[in-house]
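Here is the file my_file_26.cif (mmCIF, C-alpha atoms).
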data_final
loop_
_atom_site.label_atom_id
_atom_site.label_comp_id
_atom_site.auth_asym_id
_atom_site.auth_seq_id
_atom_site.Cartn_x
_atom_site.Cartn_y
_atom_site.Cartn_z
CA MET K 1 69.61 101.31 108.08
CA TYR K 2 69.66 101.19 104.29
CA GLY K 3 66.96 99.31 102.44
CA LEU K 4 68.17 96.56 100.17
CA MET K 5 67.73 98.64 97.04
CA PHE K 6 69.95 101.40 98.48
CA ALA K 7 72.67 99.18 99.97
CA PRO K 8 75.99 99.90 98.27
CA SER K 9 77.71 96.99 96.58
CA SER K 10 81.00 95.74 97.95
CA VAL K 11 82.77 97.21 94.93
CA THR K 12 81.16 100.64 95.43
CA ARG K 13 81.99 100.52 99.13
CA SER K 14 85.61 99.61 98.42
CA VAL K 15 86.00 102.40 95.84
CA LEU K 16 84.40 104.95 98.16
CA LEU K 17 86.52 103.98 101.16
CA THR K 18 89.69 103.89 99.05
CA GLY K 19 89.02 107.36 97.68
CA ILE K 20 88.42 108.80 101.15
CA ALA K 21 91.59 107.14 102.47
CA MET K 22 93.69 108.60 99.65
CA LEU K 23 92.26 112.07 100.36
CA ALA K 24 93.16 111.62 104.04
CA PHE K 25 96.74 110.57 103.24
CA ALA K 26 97.17 113.52 100.87
CA ALA K 27 95.70 115.83 103.52
CA ASN K 28 98.49 114.75 105.86
CA SER K 29 101.04 116.51 103.63
CA VAL K 30 98.83 119.57 103.22
CA LEU K 31 98.16 119.94 106.95
CA CYS K 32 101.87 119.63 107.68
CA ARG K 33 102.71 122.38 105.17
CA LEU K 34 99.86 124.59 106.41
CA ALA K 35 101.29 124.35 109.92
CA LEU K 36 105.02 124.52 109.19
CA GLY K 37 105.06 126.89 106.21
CA PRO K 38 103.80 129.95 108.12
CA GLU K 39 105.69 128.73 111.23
CA LEU K 40 102.54 128.20 113.27
CA ILE K 41 104.31 125.36 115.09
CA ASP K 42 107.81 123.88 115.16
CA ALA K 43 108.52 120.58 113.40
CA ALA K 44 109.27 118.60 116.56
CA GLY K 45 106.19 119.95 118.33
CA PHE K 46 104.03 119.15 115.30
CA THR K 47 105.28 115.56 115.28
CA VAL K 48 104.63 115.04 119.00
CA VAL K 49 101.10 116.44 118.83
CA GLN K 50 100.43 114.46 115.64
CA ALA K 51 101.67 111.22 117.20
CA VAL K 52 99.76 111.65 120.47
CA SER K 53 96.49 112.55 118.74
CA GLY K 54 96.95 109.67 116.28
CA ALA K 55 97.64 107.22 119.09
CA LEU K 56 94.56 108.38 121.04
CA THR K 57 92.30 108.18 117.98
CA LEU K 58 93.49 104.74 116.89
CA GLY K 59 93.42 103.44 120.46
CA LEU K 60 89.84 104.64 120.85
CA PHE K 61 88.77 102.88 117.64
CA VAL K 62 90.40 99.64 118.81
CA LEU K 63 88.83 99.82 122.27
CA LEU K 64 85.32 100.60 121.01
CA ARG K 65 85.12 98.06 118.21
CA PRO K 66 83.59 94.68 118.96
CA GLY K 67 85.62 91.50 118.86
CA ARG K 68 89.40 91.36 118.88
CA ARG K 69 91.63 93.37 121.18
CA ALA K 70 95.20 94.50 120.62
CA SER K 71 98.04 92.29 121.80
CA ALA K 72 100.15 93.67 124.65
CA LYS K 73 103.36 92.53 122.96
CA ALA K 74 105.49 95.43 121.71
CA ASP K 75 106.88 95.52 118.19
CA TRP K 76 109.74 97.93 118.74
CA CYS K 77 111.13 97.52 115.23
CA SER K 78 107.86 98.65 113.63
CA ALA K 79 107.54 101.46 116.16
CA ALA K 80 111.08 102.60 115.32
CA MET K 81 110.23 102.69 111.61
CA LEU K 82 107.04 104.66 112.33
CA PHE K 83 108.98 107.10 114.51
CA THR K 84 111.61 107.58 111.78
CA TYR K 85 108.93 108.15 109.16
CA MET K 86 107.02 110.74 111.20
CA ILE K 87 109.99 112.77 112.41
CA CYS K 88 111.68 112.88 108.98
CA PHE K 89 108.34 113.69 107.33
CA SER K 90 107.77 116.75 109.49
CA PHE K 91 111.29 118.16 109.24
CA ALA K 92 111.35 117.57 105.47
CA TYR K 93 108.26 119.73 105.03
CA LEU K 94 110.08 122.70 106.52
CA SER K 95 111.59 123.22 103.08
CA LEU K 96 109.66 121.12 100.53
CA SER K 97 106.47 121.97 98.68
CA THR K 98 103.47 119.71 99.21
CA GLY K 99 103.62 117.97 95.83
CA THR K 100 107.40 117.52 95.80
CA GLY K 101 107.43 116.06 99.29
CA ALA K 102 104.61 113.63 98.51
CA LEU K 103 106.28 112.47 95.29
CA VAL K 104 109.64 111.84 96.97
CA LEU K 105 107.88 110.06 99.85
CA PHE K 106 105.77 107.66 97.80
CA GLY K 107 108.51 107.11 95.24
CA ALA K 108 110.90 106.09 98.03
CA VAL K 109 108.26 103.82 99.58
CA GLN K 110 107.68 101.90 96.34
CA LEU K 111 111.37 101.68 95.41
CA THR K 112 112.17 100.34 98.90
CA MET K 113 109.57 97.61 98.56
CA PHE K 114 110.77 96.72 95.06
CA GLY K 115 114.35 96.57 96.33
CA VAL K 116 113.40 94.19 99.12
CA ALA K 117 111.51 92.01 96.61
CA LEU K 118 114.59 91.82 94.39
CA ARG K 119 116.81 91.01 97.34
CA GLY K 120 114.38 88.29 98.36
CA GLY K 121 114.85 86.54 95.02
CA GLU K 122 111.93 87.88 92.98
CA ARG K 123 112.82 88.06 89.29
CA PHE K 124 111.84 91.13 87.32
CA PRO K 125 111.25 90.90 83.55
CA VAL K 126 112.97 93.38 81.23
CA LEU K 127 109.96 95.72 81.15
CA SER K 128 109.89 95.84 84.95
CA TRP K 129 113.56 96.79 85.02
CA ALA K 130 112.79 99.55 82.51
CA GLY K 131 109.98 100.81 84.76
CA LEU K 132 112.21 100.66 87.81
CA LEU K 133 114.96 102.65 86.08
CA LEU K 134 112.39 105.16 84.84
CA ALA K 135 111.06 105.68 88.37
CA ILE K 136 114.57 106.09 89.79
CA GLY K 137 115.45 108.45 86.96
CA GLY K 138 112.38 110.57 87.73
CA LEU K 139 113.38 111.02 91.36
CA VAL K 140 117.02 111.71 90.43
CA TYR K 141 115.86 114.33 87.93
CA LEU K 142 113.58 115.92 90.55
CA VAL K 143 116.40 116.46 93.07
CA SER K 144 119.21 117.18 90.59
CA PRO K 145 120.80 120.65 90.86
CA GLY K 146 118.92 123.45 89.16
CA VAL K 147 116.91 126.63 89.73
CA THR K 148 113.71 124.73 90.57
CA ALA K 149 115.38 121.86 92.42
CA PRO K 150 113.99 121.16 95.93
CA ASP K 151 116.08 121.70 99.03
CA PRO K 152 118.54 118.75 99.15
CA ILE K 153 118.32 118.26 102.91
CA GLY K 154 114.52 118.27 102.77
CA ALA K 155 114.59 115.80 99.88
CA MET K 156 116.96 113.49 101.78
CA LEU K 157 114.80 113.63 104.90
CA MET K 158 111.67 112.82 102.89
CA ALA K 159 113.46 109.96 101.13
CA ALA K 160 114.44 108.62 104.58
CA ALA K 161 110.78 108.92 105.62
CA GLY K 162 109.74 106.94 102.55
CA ILE K 163 112.32 104.22 103.16
CA ALA K 164 111.17 103.93 106.79
CA TRP K 165 107.53 103.71 105.71
CA GLY K 166 108.42 101.08 103.13
CA PHE K 167 110.04 98.88 105.77
CA TYR K 168 107.16 99.59 108.17
CA SER K 169 104.74 98.31 105.52
CA LEU K 170 106.85 95.22 104.89
CA LEU K 171 107.07 94.45 108.62
CA GLY K 172 103.29 94.62 108.88
CA ARG K 173 102.46 92.38 105.92
CA ASN K 174 101.65 89.32 108.03
CA VAL K 175 100.12 91.09 111.03
CA ALA K 176 96.79 89.50 111.92
CA ASP K 177 95.24 92.72 113.23
CA PRO K 178 96.82 95.70 111.39
CA LEU K 179 94.59 98.35 112.98
CA ALA K 180 95.48 97.26 116.52
CA ALA K 181 99.13 96.95 115.52
CA THR K 182 99.15 100.49 114.09
CA ALA K 183 97.54 101.86 117.25
CA LYS K 184 100.13 100.07 119.36
CA ASN K 185 103.02 101.31 117.22
CA PHE K 186 101.78 104.90 117.46
CA ILE K 187 101.75 104.57 121.25
CA PHE K 188 105.27 103.14 121.35
CA ALA K 189 106.53 105.85 118.98
CA VAL K 190 105.46 108.69 121.29
CA PRO K 191 108.24 108.38 123.96
CA PRO K 192 111.17 108.67 121.50
CA MET K 193 109.41 111.62 119.83
CA LEU K 194 109.14 113.36 123.21
CA LEU K 195 112.83 112.65 123.76
CA VAL K 196 113.81 114.10 120.38
CA SER K 197 111.69 117.20 121.01
CA LEU K 198 113.88 118.00 124.02
CA PHE K 199 116.77 118.71 121.63
CA PHE K 200 114.64 121.35 119.88
CA LEU K 201 113.28 123.22 122.90
CA ASP K 202 114.89 126.43 121.64
CA ASP K 203 112.68 126.18 118.55
CA LEU K 204 109.50 125.47 120.52
CA ASN K 205 106.55 127.27 118.95
CA LEU K 206 103.04 126.10 119.79
CA SER K 207 100.35 128.43 118.49
CA PRO K 208 96.68 127.39 118.82
CA GLN K 209 96.37 127.19 115.02
CA GLY K 210 99.50 125.05 114.72
CA ILE K 211 98.31 122.67 117.45
CA ALA K 212 94.91 122.38 115.79
CA LEU K 213 96.50 121.50 112.43
CA ALA K 214 98.78 118.91 114.10
CA ILE K 215 95.77 117.35 115.85
CA ALA K 216 93.89 117.24 112.55
CA SER K 217 96.90 115.55 110.93
CA GLY K 218 97.21 112.94 113.67
CA ALA K 219 93.56 112.28 114.53
CA VAL K 220 91.86 112.73 111.16
CA ALA K 221 94.39 112.35 108.32
CA SER K 222 96.40 109.63 110.08
CA GLY K 223 94.13 107.99 112.67
CA CYS K 224 90.82 108.01 110.79
CA GLY K 225 92.69 107.64 107.49
CA TYR K 226 94.21 104.33 108.58
CA VAL K 227 90.88 103.07 109.94
CA ILE K 228 89.23 103.78 106.57
CA TRP K 229 92.17 102.32 104.63
CA TYR K 230 92.11 99.06 106.57
CA ALA K 231 88.35 98.86 105.97
CA ALA K 232 88.97 99.29 102.22
CA LEU K 233 91.85 96.79 101.94
CA PRO K 234 89.75 93.59 101.92
CA GLY K 235 88.27 94.73 98.60
CA LEU K 236 91.67 95.37 96.98
CA THR K 237 94.40 93.08 95.75
CA ALA K 238 97.93 93.85 96.94
CA ILE K 239 98.85 95.23 93.51
CA ARG K 240 95.78 97.47 93.35
CA ALA K 241 96.41 98.69 96.89
CA ALA K 242 99.95 99.69 95.91
CA THR K 243 98.84 101.26 92.64
CA VAL K 244 96.05 103.39 94.08
CA GLN K 245 98.44 104.98 96.56
CA LEU K 246 100.23 106.59 93.63
CA SER K 247 97.31 109.00 93.41
CA VAL K 248 98.35 110.61 96.70
CA PRO K 249 101.19 112.78 95.29
CA VAL K 250 98.88 114.06 92.56
CA ILE K 251 96.10 114.88 95.04
CA ALA K 252 98.60 116.48 97.44
CA ALA K 253 100.06 118.64 94.67
CA ALA K 254 96.56 119.78 93.66
CA PHE K 255 95.75 120.70 97.26
CA GLY K 256 99.05 122.56 97.47
CA VAL K 257 98.12 124.69 94.48
CA VAL K 258 94.60 125.46 95.73
CA LEU K 259 95.26 125.92 99.45
CA LEU K 260 98.89 127.05 99.57
CA SER K 261 99.27 128.81 96.19
CA GLU K 262 102.22 126.57 95.36
CA ASP K 263 103.56 126.44 91.82
CA ILE K 264 103.55 123.28 89.73
CA THR K 265 106.91 123.37 87.96
CA LEU K 266 107.78 121.60 84.74
CA ARG K 267 110.42 119.68 86.70
CA LEU K 268 107.80 118.34 89.12
CA VAL K 269 105.43 117.39 86.29
CA LEU K 270 108.10 115.51 84.32
CA ALA K 271 109.50 113.85 87.45
CA SER K 272 105.98 112.79 88.48
CA LEU K 273 105.24 111.28 85.07
CA ALA K 274 108.52 109.36 85.09
CA THR K 275 108.40 108.20 88.71
CA LEU K 276 104.72 107.28 88.93
CA GLY K 277 104.69 105.90 85.38
CA GLY K 278 107.71 103.71 86.11
CA VAL K 279 106.13 102.37 89.29
CA VAL K 280 102.89 101.61 87.42
CA ILE K 281 104.85 99.61 84.82
CA VAL K 282 106.46 97.49 87.54
CA LEU K 283 103.17 96.96 89.35
CA MET K 284 101.39 95.95 86.13
CA GLN K 285 104.12 93.44 85.33
CA ARG K 286 103.92 91.99 88.83
CA ALA K 287 100.13 91.77 88.55
CA ALA K 288 100.44 89.96 85.20
CA LYS K 289 103.00 87.58 86.69
CA THR K 290 100.74 86.85 89.66
CA GLU K 291 97.80 86.16 87.35
CA VAL K 292 99.83 83.75 85.25
CA SER K 293 101.13 81.97 88.36
CA GLY K 294 97.58 81.65 89.65
CA ARG K 295 96.43 79.93 86.47
CA SER K 296 99.30 77.44 86.38
#

Representation of the structure as structure tokens:
Amino acid sequence: MYGLMFAPSSVTRSVLLTGIAMLAFAANSVLCRLALGPELIDAAGFTVVQAVSGALTLGLFVLLRPGRRASAKADWCSAAMLFTYMICFSFAYLSLSTGTGALVLFGAVQLTMFGVALRGGERFPVLSWAGLLLAIGGLVYLVSPGVTAPDPIGAMLMAAAGIAWGFYSLLGRNVADPLAATAKNFIFAVPPMLLVSLFFLDDLNLSPQGIALAIASGAVASGCGYVIWYAALPGLTAIRAATVQLSVPVIAAAFGVVLLSEDITLRLVLASLATLGGVVIVLMQRAAKTEVSGRS
């Protein structure tokens, strides 16, 4: 046990946990590319192993922790969004680089949540609209035709994964026990993944290395990553939590360069600056609006 003089402050703890969680989320993209790039495992098999290992890890954390237990009630809508995210994520990385995939994913997540906010009646100031258009323009530029453009099918699949994750996040906003809910949703997402994998039996490829990478993705990057993230969330405002996640594409791209020898193209750099910069503008405006509302 730490002595009082060595006990980390709540701020230090929150920063440390947040940083580790972002590394875990970025590692998810890297592990997927490490497994699928050299064809060490097929995409459907990777997703099944990832989901099962994630479900087991999260379930174990929920069972071993003191206090609350998960509700037995199924949330099939959330499970369906999680299933869509995971299956599209894996198949998208058959053709996308690590950094490109992560940028499309997180850009789609944020734009989905902004779209739902607008549809729900939230009013955006002019600067927020400018940021939103900048972010959309960055993603459009990234996938527009050209020599360095990403595979269009991969980009569409990753955008679908981001949209699904955006709705999954929105569905879980008012969940009393998010860790237990995530564990439960992982469990309920496994059966449809097994069903989908039957359609890709001809592509079945399960090498020991591929299985190990899929387990690492599900148990460590996803399972442990979510546990750490939910431990960090109490020290973050909603705006800060959304903003810090924008570091994931940058971290993932850096890992892709170091571990996979991927190139960082000018297109990716410019698209990242536009997309992430635009999202930051919107988030800062929303934070300012929240602060003003809190004072009035």

I'd like to know which of K:Asn185, K:Thr12, K:Thr47, K:Ser261 is closest to Leu206 in chain K, using all atoms listed in the file. K:Thr47

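Distance check against Pro249 in chain K using all atoms listed in the file: of K:Leu139, K:Ala55, K:Leu105, K:Leu16, the minimum falls on K:Leu105.
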
Selection dump of the PyMOL selection byres ((chain K and resi 17-24) around 12), as a PyMOL selection string: chain K and resi 8+10-16+25-31+216-236+240-255

Can you list, as an NGL selection string, every protein, DNA or RNA residue that comes within 8 Å of range 82-97 of chain K when you count all atoms listed in the file, leaving out same-chain residues fewer than 2 positions away? :K and (32-33 or 36-37 or 43-44 or 46-47 or 78-80 or 99-101 or 150-151 or 153-158 or 160-165 or 168 or 185-186 or 189-190 or 192-193 or 256 or 262)

Anything within 8 Å of (97.9, 98.7, 119.6): list those residues as number ranges by chain, counting all atoms listed in the file and sticking to the file's coordinates. K: 58-59, 62, 70-72, 179-187

Evaluate the PyMOL selection byres ((chain K and resi 112-129) around 8) against this structure - the residues, as a list in words, please. Ala108, Val109, Gln110, Leu111, Ala130, Gly131, Leu132, Leu133, Gly162, Ile163, Gly166, Phe167, Leu170, Ile281, Val282 and Gln285 of chain K

For each of K:Ala238, K:Leu201, K:Glu39, K:Thr148, take the minimum atom-to-atom distance to Ser169 in chain K, counting all atoms listed in the file, then give the residue where this is smallest.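 The shortest atom-to-atom distance to Ser169 in chain K comes from K:Ala238.
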
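CA of Pro208 in chain K to CA of Ala51 in chain K spans 17.0 Å [interatomic distance, one decimal].
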
Residues in the PyMOL selection byres ((chain K and resi 271) around 9), expressed as a JSON list (two decimals) with C-alpha atoms, in the frame of the given file:
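And here is the file that came out, selection.json:
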[["chain", "number", "residue", "atom", "x", "y", "z"],
["K", 103, "LEU", "CA", 106.28, 112.47, 95.29],
["K", 135, "ALA", "CA", 111.06, 105.68, 88.37],
["K", 137, "GLY", "CA", 115.45, 108.45, 86.96],
["K", 138, "GLY", "CA", 112.38, 110.57, 87.73],
["K", 139, "LEU", "CA", 113.38, 111.02, 91.36],
["K", 140, "VAL", "CA", 117.02, 111.71, 90.43],
["K", 141, "TYR", "CA", 115.86, 114.33, 87.93],
["K", 142, "LEU", "CA", 113.58, 115.92, 90.55],
["K", 266, "LEU", "CA", 107.78, 121.60, 84.74],
["K", 267, "ARG", "CA", 110.42, 119.68, 86.70],
["K", 268, "LEU", "CA", 107.80, 118.34, 89.12],
["K", 269, "VAL", "CA", 105.43, 117.39, 86.29],
["K", 270, "LEU", "CA", 108.10, 115.51, 84.32],
["K", 272, "SER", "CA", 105.98, 112.79, 88.48],
["K", 273, "LEU", "CA", 105.24, 111.28, 85.07],
["K", 274, "ALA", "CA", 108.52, 109.36, 85.09],
["K", 275, "THR", "CA", 108.40, 108.20, 88.71],
["K", 276, "LEU", "CA", 104.72, 107.28, 88.93]]

So how many Å separate CA of Leu60 in chain K and CA of Asp177 in chain K, to one decimal?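 So the answer is 15.1 Å.
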
Grab the CA of Asp75 in chain K to CA of Phe188 in chain K distance for me, in Å with one decimal place.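 So the answer is 8.4 Å.
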
Check the smallest atom-to-atom distance from each of K:Val48, K:Ile41, K:Ile215, K:Leu283 to Leu195 in chain K using all atoms listed in the file, then report the winner.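 Of all the options, K:Val48 lies closest to Leu195 in chain K.
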